[in-house]
Amino acid sequence: MLFLSIILSLGFVFLSIILIHYVSVSKQNETKDNNSSLSGSMGWPFIGETISFFKPHRSDSIGTFLQQRVSRYGKVFMSNLCGGKAIVSCDQELNMFILQNEGKLFTSDYPKAMHDILGEYSLLLATGEIHRKLKNVIISFINLTKSKPEFLLCAENLSISMLESWKNCREIEFHKEVKMFTMSVMVNQLLSIKPEDPARRYVLQDFLTYMKGFVSLPVPLPGTAYTNAIKARKRLSTRVMDMIKQREQEMKKGLREEDFLDVIMSNEDLNYEEKVSIVLDILLGGFETSATLLSLVVYFLAKSPNDLQKLKEEHESIRAKKGDEELLNWEDYQKMEFTQRVMSEALRCGNIVKTVHRKTTHDIKFKAEYVIPKGWKVFPIFTAVHLDPSLHENPYEFNPMRWTDKGKMNKKTTAFGGGVRVCPGGELGKLQIAFFLHHLVLSYRWKIKSDEMPIAHPYVEFKRGMLLEIDPTT
């Protein structure tokens, strides 16, 4: 008991010191910083405002932290995030300036946990010439795949197969199901793993574990999200490396799969680690982003019956001009104009990516208003721009028709980032989603739970896992 009393007393003293220091720091930082010319607050000692900044909130809102700071300090303010002084931007012009000056005035600056988990050759973390080399390989995969008949056939057949498997179900965990769908498409096209192969489920489970580590504290203890993510990455890397070595043996015998892994292997400019990292990057981006967007589309359509009816009519029109079991093609996809608007609006409202991590490489003066010192972290908030009432009329309303002028809307949204790090696979993801939606709206009606909502962790999950009540249309 005496020992416990001493510990509690010391703890109380320590907390008192922390609180006194916090109040002192907060008072000092409620004024303009002489170096940055911006107002803001630095939060708690050591951790700053990191916990509040990343606290989960509805992804179709900017969250309490940003609401309070923008109201108090304006669209651009200073803070202390991820272990350093930071500028947070909710301003469209400054965000675009940051994205367009990657590699000139700003550089990628993700937390240690992400570096440990993703590895040095991840496209998200690589810079300069390595980034350009890796991105060119991924772009070649996108261009090779998106209009390839085999890809279209794979995406559609897997869509039909999944929807057929729901025939006797009253409820489905939609987000979980479509993660399996998008993963199945990607591993088939990239690694020639067939839907019936058990490896598909192991790869998906490892990726889910892998992702949870992205927002974890880098605590190297057994059972932590960080440790589990590193182990999952090692398992994935080993699996891909074993496939590469097996392919090399098969190629010596004159056997070839002729999938994208074959293309990567023939690239002599890449070392083994770079080849593995490219495969993991494509799989992660291809399955997670696509599955989340598909779930967001279904979520918003469930709350927008008029838009759902318009979407159904578009797909009925396309189906009416085809044979009963005739599959879709590239020309059909190009006719899906309202489908494109629905997907774009779901990206704007649902915000798959809240922000990116950057750091200044020079002292930067933006216009006459902001000075950002060298070495400061910078967080351009995409969500805030997507939901800015000065840019979008009724910004919290799901309204696909606002995308009638796509060129104008693209200047006011950054769903896939921008500059040299713009996501190269956006259109590939939309293609498989459009094919899935075609069969979904013609086959089922659905309802979501009344308390369902998308939540930014910062990656998007759903409160109830997008549990749908489904009813066949025929």
# chains A, B, ... in the order shown; residues from 1 in each chain; ligands from 1
call {"tool": "closest_atom_pairs", "arguments": {"of": "stretch 226-305 of chain A", "to": "stretch 345-362 of chain A", "cutoff": "9 Å", "atoms": "only C-alpha atoms", "output": "Markdown table"}}
result
| residue | atom | partner | partner_atom | distance |
| --- | --- | --- | --- | --- |
| A:Thr289 | CA | A:Ile352 | CA | 7.2 |
| A:Thr292 | CA | A:Ile352 | CA | 7.2 |
| A:Leu293 | CA | A:Leu347 | CA | 6.7 |
| A:Leu294 | CA | A:Ala346 | CA | 8.8 |
| A:Leu296 | CA | A:Ala346 | CA | 6.0 |
| A:Val297 | CA | A:Ala346 | CA | 5.5 |
| A:Tyr299 | CA | A:Ala346 | CA | 8.9 |
| A:Phe300 | CA | A:Ala346 | CA | 7.0 |
call {"tool": "residues_around", "arguments": {"residues": "stretch 132-139 of chain A", "least_positions_apart": "4", "cutoff": "7 Å", "atoms": "only C-alpha atoms", "output": "PyMOL selection string"}}
result
chain A and resi 123+128+143+278+424
call {"tool": "atom_distance", "arguments": {"atom1": "atom CA of A:Ser290", "atom2": "atom CA of A:Gly429"}}
result
5.1 Å
call {"tool": "atom_distance", "arguments": {"atom1": "atom CA of A:Gln432", "atom2": "atom CA of A:Met183"}}
result
11.3 Å
call {"tool": "select_by_dssp", "arguments": {"residues": "stretch 164-232 of chain A", "states": "alpha helix (DSSP H)", "output": "number ranges by chain"}}
result
A: 164, 174-191, 199-212, 225-232
call {"tool": "closest_atom_pairs", "arguments": {"of": "stretch 117-180 of chain A", "to": "stretch 217-230 of chain A", "cutoff": "12 Å", "atoms": "only C-alpha atoms", "output": "JSON lines"}}
result
{"residue": "A:Ile117", "atom": "CA", "partner": "A:Ile230", "partner_atom": "CA", "distance": 5.1}
{"residue": "A:Leu118", "atom": "CA", "partner": "A:Ile230", "partner_atom": "CA", "distance": 8.3}
{"residue": "A:Gly119", "atom": "CA", "partner": "A:Ile230", "partner_atom": "CA", "distance": 9.6}
call {"tool": "residues_around", "arguments": {"residues": "stretch 384-390 of chain A", "least_positions_apart": "5", "cutoff": "10 Å", "atoms": "only C-alpha atoms", "output": "ChimeraX atom specification"}}
result
/A:60-63,66-67,70,75,89-93,95,345,347-351,354-355,395-397,409,412-415
call {"tool": "residues_around", "arguments": {"residues": "A:Ile448", "least_positions_apart": "3", "cutoff": "10 Å", "atoms": "only C-alpha atoms", "output": "PyMOL selection string"}}
result
chain A and resi 171+174+298-303+451-453+464+466-470
call {"tool": "residues_around", "arguments": {"residues": "A:Tyr202", "least_positions_apart": "3", "cutoff": "12 Å", "atoms": "only C-alpha atoms", "output": "number ranges by chain"}}
result
A: 180, 183-184, 187, 193, 197-199, 205-209, 232, 235-236, 239
call {"tool": "write_last_selection", "arguments": {"atoms": "all heavy atoms", "output": "compact mmCIF listing (two decimals), in the first residue's frame"}}
result
# COMPACT_ATOMS: atom_id res chain seq x y z
N MET A 180 -12.95 -8.13 -50.48
CA MET A 180 -12.56 -9.40 -51.09
C MET A 180 -12.69 -9.33 -52.61
O MET A 180 -11.85 -9.86 -53.35
CB MET A 180 -13.43 -10.54 -50.53
CG MET A 180 -13.08 -11.91 -51.10
SD MET A 180 -11.33 -12.36 -50.86
CE MET A 180 -11.33 -12.71 -49.09
N MET A 183 -9.76 -7.12 -53.94
CA MET A 183 -8.51 -7.85 -53.77
C MET A 183 -8.42 -8.99 -54.79
O MET A 183 -7.35 -9.22 -55.39
CB MET A 183 -8.41 -8.42 -52.35
CG MET A 183 -7.20 -9.30 -52.10
SD MET A 183 -5.62 -8.45 -52.37
CE MET A 183 -5.51 -7.50 -50.86
N SER A 184 -9.52 -9.67 -55.04
CA SER A 184 -9.54 -10.78 -55.99
C SER A 184 -9.18 -10.29 -57.40
O SER A 184 -8.44 -10.95 -58.12
CB SER A 184 -10.91 -11.45 -56.01
OG SER A 184 -11.21 -12.01 -54.75
N VAL A 187 -5.20 -9.32 -57.33
CA VAL A 187 -4.24 -10.42 -57.27
C VAL A 187 -4.32 -11.28 -58.53
O VAL A 187 -3.33 -11.89 -58.96
CB VAL A 187 -4.42 -11.31 -56.02
CG1 VAL A 187 -4.12 -10.50 -54.76
CG2 VAL A 187 -5.79 -11.94 -55.96
N ILE A 193 -3.32 -15.04 -59.34
CA ILE A 193 -3.95 -15.83 -58.29
C ILE A 193 -5.44 -15.92 -58.59
O ILE A 193 -6.12 -14.91 -58.70
CB ILE A 193 -3.71 -15.22 -56.90
CG1 ILE A 193 -2.22 -15.25 -56.55
CG2 ILE A 193 -4.52 -15.94 -55.83
CD1 ILE A 193 -1.86 -14.59 -55.23
N ASP A 197 -8.21 -19.81 -55.16
CA ASP A 197 -6.92 -20.06 -54.48
C ASP A 197 -7.00 -19.54 -53.04
O ASP A 197 -7.29 -18.36 -52.81
CB ASP A 197 -5.80 -19.34 -55.24
CG ASP A 197 -4.42 -19.76 -54.78
OD1 ASP A 197 -4.25 -20.07 -53.59
OD2 ASP A 197 -3.49 -19.76 -55.62
N PRO A 198 -6.72 -20.38 -52.03
CA PRO A 198 -6.75 -19.94 -50.62
C PRO A 198 -5.80 -18.78 -50.33
O PRO A 198 -6.00 -18.03 -49.37
CB PRO A 198 -6.32 -21.19 -49.85
CG PRO A 198 -6.58 -22.34 -50.77
CD PRO A 198 -6.37 -21.80 -52.15
N ALA A 199 -4.76 -18.61 -51.16
CA ALA A 199 -3.80 -17.53 -50.94
C ALA A 199 -4.48 -16.16 -50.95
O ALA A 199 -4.02 -15.22 -50.30
CB ALA A 199 -2.71 -17.57 -52.01
N GLN A 205 -6.07 -10.77 -45.45
CA GLN A 205 -5.94 -10.64 -44.01
C GLN A 205 -4.64 -9.94 -43.62
O GLN A 205 -4.62 -9.08 -42.73
CB GLN A 205 -6.00 -12.02 -43.34
CG GLN A 205 -6.08 -11.97 -41.82
CD GLN A 205 -7.22 -11.11 -41.32
OE1 GLN A 205 -8.38 -11.33 -41.69
NE2 GLN A 205 -6.93 -10.12 -40.48
N ASP A 206 -3.56 -10.26 -44.31
CA ASP A 206 -2.29 -9.60 -44.03
C ASP A 206 -2.35 -8.11 -44.37
O ASP A 206 -1.79 -7.28 -43.66
CB ASP A 206 -1.14 -10.27 -44.79
CG ASP A 206 -0.62 -11.51 -44.07
OD1 ASP A 206 -0.83 -11.62 -42.86
OD2 ASP A 206 -0.02 -12.38 -44.74
N PHE A 207 -3.04 -7.77 -45.46
CA PHE A 207 -3.16 -6.36 -45.82
C PHE A 207 -3.98 -5.58 -44.78
O PHE A 207 -3.68 -4.43 -44.47
CB PHE A 207 -3.77 -6.19 -47.21
CG PHE A 207 -2.74 -6.02 -48.28
CD1 PHE A 207 -2.48 -7.04 -49.18
CD2 PHE A 207 -2.01 -4.85 -48.38
CE1 PHE A 207 -1.51 -6.90 -50.16
CE2 PHE A 207 -1.04 -4.69 -49.36
CZ PHE A 207 -0.80 -5.72 -50.25
N LEU A 208 -5.02 -6.19 -44.24
CA LEU A 208 -5.83 -5.51 -43.23
C LEU A 208 -5.00 -5.26 -41.97
O LEU A 208 -5.10 -4.20 -41.34
CB LEU A 208 -7.08 -6.35 -42.90
CG LEU A 208 -8.07 -6.54 -44.06
CD1 LEU A 208 -9.22 -7.45 -43.63
CD2 LEU A 208 -8.59 -5.20 -44.56
N THR A 209 -4.19 -6.24 -41.59
CA THR A 209 -3.29 -6.08 -40.43
C THR A 209 -2.24 -5.01 -40.72
O THR A 209 -1.92 -4.18 -39.87
CB THR A 209 -2.61 -7.42 -40.11
OG1 THR A 209 -3.59 -8.41 -39.89
CG2 THR A 209 -1.71 -7.30 -38.88
N ALA A 232 3.14 -8.66 -40.76
CA ALA A 232 2.28 -8.88 -41.93
C ALA A 232 3.00 -8.47 -43.21
O ALA A 232 2.90 -9.15 -44.24
CB ALA A 232 0.97 -8.10 -41.78
N ARG A 235 5.44 -11.11 -44.17
CA ARG A 235 4.79 -12.28 -44.77
C ARG A 235 4.42 -12.00 -46.23
O ARG A 235 4.60 -12.84 -47.12
CB ARG A 235 3.54 -12.68 -43.98
CG ARG A 235 3.83 -13.31 -42.64
CD ARG A 235 2.59 -13.96 -42.06
NE ARG A 235 1.53 -13.01 -41.78
CZ ARG A 235 1.38 -12.36 -40.62
NH1 ARG A 235 2.27 -12.54 -39.64
NH2 ARG A 235 0.39 -11.52 -40.44
N LEU A 236 3.87 -10.80 -46.48
CA LEU A 236 3.50 -10.42 -47.84
C LEU A 236 4.74 -10.35 -48.73
O LEU A 236 4.72 -10.82 -49.87
CB LEU A 236 2.78 -9.07 -47.81
CG LEU A 236 1.36 -9.07 -47.24
CD1 LEU A 236 0.92 -7.64 -46.93
CD2 LEU A 236 0.38 -9.73 -48.20
N ARG A 239 5.94 -13.80 -49.54
CA ARG A 239 5.06 -14.45 -50.51
C ARG A 239 5.38 -13.97 -51.93
O ARG A 239 5.49 -14.76 -52.87
CB ARG A 239 3.60 -14.18 -50.16
CG ARG A 239 2.60 -14.90 -51.06
CD ARG A 239 1.17 -14.54 -50.67
NE ARG A 239 0.85 -14.97 -49.33
CZ ARG A 239 0.43 -16.19 -49.02
NH1 ARG A 239 0.31 -17.09 -49.99
NH2 ARG A 239 0.14 -16.51 -47.78
call {"tool": "closest_residue", "arguments": {"among": "A:Leu391, A:Leu280, A:Leu437, A:Trp44", "to": "A:Val178", "atoms": "only C-alpha atoms"}}
result
A:Leu437
call {"tool": "residues_around", "arguments": {"residues": "A:Leu144", "least_positions_apart": "6", "cutoff": "12 Å", "atoms": "only C-alpha atoms", "output": "number ranges by chain"}}
result
A: 137-138, 150-151, 189-190, 258-260, 263, 425, 428
call {"tool": "write_last_selection", "arguments": {"atoms": "N, CA and C atoms", "output": "CSV table (one decimal), in the first residue's frame"}}
result
chain,number,residue,atom,x,y,z
A,137,VAL,N,6.7,2.7,-63.5
A,137,VAL,CA,6.4,1.2,-63.6
A,137,VAL,C,4.9,1.0,-63.3
A,138,ILE,N,4.4,1.7,-62.2
A,138,ILE,CA,3.0,1.6,-61.8
A,138,ILE,C,2.1,2.1,-62.9
A,150,GLU,N,-9.0,-8.8,-70.8
A,150,GLU,CA,-8.9,-9.8,-69.7
A,150,GLU,C,-9.3,-9.1,-68.4
A,151,PHE,N,-8.9,-7.8,-68.2
A,151,PHE,CA,-9.2,-7.2,-67.0
A,151,PHE,C,-10.7,-6.9,-66.9
A,189,GLN,N,-5.0,-10.1,-61.6
A,189,GLN,CA,-4.3,-9.3,-62.7
A,189,GLN,C,-2.8,-9.2,-62.5
A,190,LEU,N,-2.5,-9.1,-61.3
A,190,LEU,CA,-1.1,-8.8,-60.9
A,190,LEU,C,-0.3,-10.1,-60.8
A,258,GLU,N,2.6,-14.3,-68.3
A,258,GLU,CA,2.2,-13.1,-69.1
A,258,GLU,C,1.2,-12.2,-68.3
A,259,ASP,N,1.4,-12.1,-67.0
A,259,ASP,CA,0.7,-11.1,-66.2
A,259,ASP,C,1.7,-9.9,-65.8
A,260,PHE,N,1.2,-9.0,-64.9
A,260,PHE,CA,2.1,-7.9,-64.7
A,260,PHE,C,3.3,-8.2,-63.9
A,263,VAL,N,5.9,-8.7,-66.3
A,263,VAL,CA,6.5,-7.4,-66.8
A,263,VAL,C,7.5,-6.8,-65.8
A,425,GLY,N,-3.7,5.3,-60.1
A,425,GLY,CA,-4.7,4.2,-60.3
A,425,GLY,C,-6.1,4.6,-60.2
A,428,LEU,N,-8.5,3.2,-62.9
A,428,LEU,CA,-8.6,1.8,-62.9
A,428,LEU,C,-9.5,1.3,-61.8
call {"tool": "residues_around", "arguments": {"residues": "A:Met162", "least_positions_apart": "2", "cutoff": "12 Å", "atoms": "only C-alpha atoms", "output": "mmCIF file with N, CA, C and O atoms, in the first residue's frame"}}
result
data_model
loop_
_atom_site.group_PDB
_atom_site.id
_atom_site.type_symbol
_atom_site.label_atom_id
_atom_site.label_comp_id
_atom_site.auth_asym_id
_atom_site.auth_seq_id
_atom_site.Cartn_x
_atom_site.Cartn_y
_atom_site.Cartn_z
ATOM 1 N N ALA A 155 -13.031 -8.414 -63.901
ATOM 2 C CA ALA A 155 -13.812 -7.548 -62.999
ATOM 3 C C ALA A 155 -15.293 -7.882 -63.079
ATOM 4 O O ALA A 155 -15.982 -7.948 -62.042
ATOM 5 N N GLU A 156 -15.800 -8.112 -64.281
ATOM 6 C CA GLU A 156 -17.231 -8.387 -64.410
ATOM 7 C C GLU A 156 -17.600 -9.775 -63.902
ATOM 8 O O GLU A 156 -18.609 -9.944 -63.201
ATOM 9 N N ASN A 157 -16.816 -10.775 -64.256
ATOM 10 C CA ASN A 157 -17.135 -12.131 -63.794
ATOM 11 C C ASN A 157 -17.085 -12.245 -62.276
ATOM 12 O O ASN A 157 -17.925 -12.921 -61.665
ATOM 13 N N LEU A 158 -16.116 -11.571 -61.655
ATOM 14 C CA LEU A 158 -16.037 -11.588 -60.189
ATOM 15 C C LEU A 158 -17.203 -10.828 -59.570
ATOM 16 O O LEU A 158 -17.708 -11.203 -58.509
ATOM 17 N N SER A 159 -17.662 -9.746 -60.230
ATOM 18 C CA SER A 159 -18.841 -9.012 -59.760
ATOM 19 C C SER A 159 -20.070 -9.924 -59.779
ATOM 20 O O SER A 159 -20.808 -10.026 -58.784
ATOM 21 N N ILE A 160 -20.287 -10.575 -60.905
ATOM 22 C CA ILE A 160 -21.452 -11.458 -61.060
ATOM 23 C C ILE A 160 -21.396 -12.592 -60.046
ATOM 24 O O ILE A 160 -22.400 -12.934 -59.405
ATOM 25 N N GLU A 164 -24.127 -13.285 -57.113
ATOM 26 C CA GLU A 164 -24.819 -14.581 -57.106
ATOM 27 C C GLU A 164 -24.739 -15.234 -55.729
ATOM 28 O O GLU A 164 -25.688 -15.870 -55.267
ATOM 29 N N SER A 165 -23.600 -15.051 -55.056
ATOM 30 C CA SER A 165 -23.408 -15.683 -53.739
ATOM 31 C C SER A 165 -24.287 -15.066 -52.652
ATOM 32 O O SER A 165 -24.422 -15.628 -51.575
ATOM 33 N N TRP A 166 -24.901 -13.902 -52.945
ATOM 34 C CA TRP A 166 -25.765 -13.236 -51.963
ATOM 35 C C TRP A 166 -27.242 -13.632 -52.089
ATOM 36 O O TRP A 166 -28.074 -13.166 -51.332
ATOM 37 N N LYS A 167 -27.576 -14.482 -53.048
ATOM 38 C CA LYS A 167 -28.979 -14.730 -53.390
ATOM 39 C C LYS A 167 -29.836 -15.164 -52.206
ATOM 40 O O LYS A 167 -31.008 -14.809 -52.114
ATOM 41 N N CYS A 169 -29.174 -14.481 -49.016
ATOM 42 C CA CYS A 169 -28.829 -13.660 -47.846
ATOM 43 C C CYS A 169 -29.842 -12.522 -47.663
ATOM 44 O O CYS A 169 -30.302 -11.940 -48.643
ATOM 45 N N ILE A 172 -25.785 -8.544 -45.531
ATOM 46 C CA ILE A 172 -24.388 -8.798 -45.868
ATOM 47 C C ILE A 172 -23.511 -7.706 -45.262
ATOM 48 O O ILE A 172 -23.951 -6.568 -45.106
ATOM 49 N N PHE A 174 -21.220 -5.496 -46.318
ATOM 50 C CA PHE A 174 -20.846 -5.055 -47.663
ATOM 51 C C PHE A 174 -19.389 -4.650 -47.764
ATOM 52 O O PHE A 174 -18.694 -5.025 -48.725
ATOM 53 N N LYS A 176 -16.765 -5.542 -46.065
ATOM 54 C CA LYS A 176 -15.904 -6.726 -46.010
ATOM 55 C C LYS A 176 -15.966 -7.498 -47.322
ATOM 56 O O LYS A 176 -14.942 -7.945 -47.849
ATOM 57 N N GLU A 177 -17.169 -7.635 -47.871
ATOM 58 C CA GLU A 177 -17.359 -8.368 -49.117
ATOM 59 C C GLU A 177 -16.640 -7.700 -50.293
ATOM 60 O O GLU A 177 -15.979 -8.366 -51.089
ATOM 61 N N VAL A 178 -16.783 -6.385 -50.402
ATOM 62 C CA VAL A 178 -16.179 -5.724 -51.568
ATOM 63 C C VAL A 178 -14.665 -5.599 -51.426
ATOM 64 O O VAL A 178 -13.965 -5.454 -52.443
ATOM 65 N N LYS A 179 -14.147 -5.670 -50.218
ATOM 66 C CA LYS A 179 -12.688 -5.754 -50.079
ATOM 67 C C LYS A 179 -12.183 -7.062 -50.691
ATOM 68 O O LYS A 179 -11.144 -7.084 -51.351
ATOM 69 N N MET A 180 -12.950 -8.132 -50.482
ATOM 70 C CA MET A 180 -12.564 -9.400 -51.088
ATOM 71 C C MET A 180 -12.694 -9.331 -52.611
ATOM 72 O O MET A 180 -11.853 -9.863 -53.348
ATOM 73 N N PHE A 181 -13.730 -8.644 -53.094
ATOM 74 C CA PHE A 181 -13.908 -8.483 -54.538
ATOM 75 C C PHE A 181 -12.735 -7.729 -55.166
ATOM 76 O O PHE A 181 -12.129 -8.204 -56.135
ATOM 77 N N THR A 182 -12.416 -6.556 -54.628
ATOM 78 C CA THR A 182 -11.342 -5.756 -55.229
ATOM 79 C C THR A 182 -9.979 -6.428 -55.067
ATOM 80 O O THR A 182 -9.135 -6.350 -55.974
ATOM 81 N N SER A 184 -9.525 -9.666 -55.037
ATOM 82 C CA SER A 184 -9.536 -10.776 -55.992
ATOM 83 C C SER A 184 -9.184 -10.294 -57.398
ATOM 84 O O SER A 184 -8.435 -10.951 -58.123
ATOM 85 N N VAL A 185 -9.733 -9.137 -57.782
ATOM 86 C CA VAL A 185 -9.426 -8.575 -59.093
ATOM 87 C C VAL A 185 -7.936 -8.266 -59.194
ATOM 88 O O VAL A 185 -7.273 -8.613 -60.183
ATOM 89 N N PRO A 195 -9.551 -16.874 -58.111
ATOM 90 C CA PRO A 195 -10.504 -16.662 -57.005
ATOM 91 C C PRO A 195 -10.604 -17.843 -56.046
ATOM 92 O O PRO A 195 -10.854 -17.650 -54.850
ATOM 93 N N PHE A 436 -19.129 -3.307 -61.247
ATOM 94 C CA PHE A 436 -19.811 -3.900 -60.097
ATOM 95 C C PHE A 436 -21.170 -3.224 -59.882
ATOM 96 O O PHE A 436 -22.180 -3.893 -59.657
ATOM 97 N N HIS A 439 -24.152 -4.344 -62.190
ATOM 98 C CA HIS A 439 -24.879 -5.565 -61.812
ATOM 99 C C HIS A 439 -25.584 -5.413 -60.465
ATOM 100 O O HIS A 439 -26.650 -6.004 -60.263
ATOM 101 N N LEU A 440 -25.017 -4.620 -59.577
ATOM 102 C CA LEU A 440 -25.649 -4.432 -58.267
ATOM 103 C C LEU A 440 -27.006 -3.738 -58.389
ATOM 104 O O LEU A 440 -28.010 -4.208 -57.837
ATOM 105 N N SER A 443 -29.673 -5.888 -59.865
ATOM 106 C CA SER A 443 -29.952 -7.161 -59.178
ATOM 107 C C SER A 443 -30.554 -7.005 -57.784
ATOM 108 O O SER A 443 -31.287 -7.901 -57.330
#
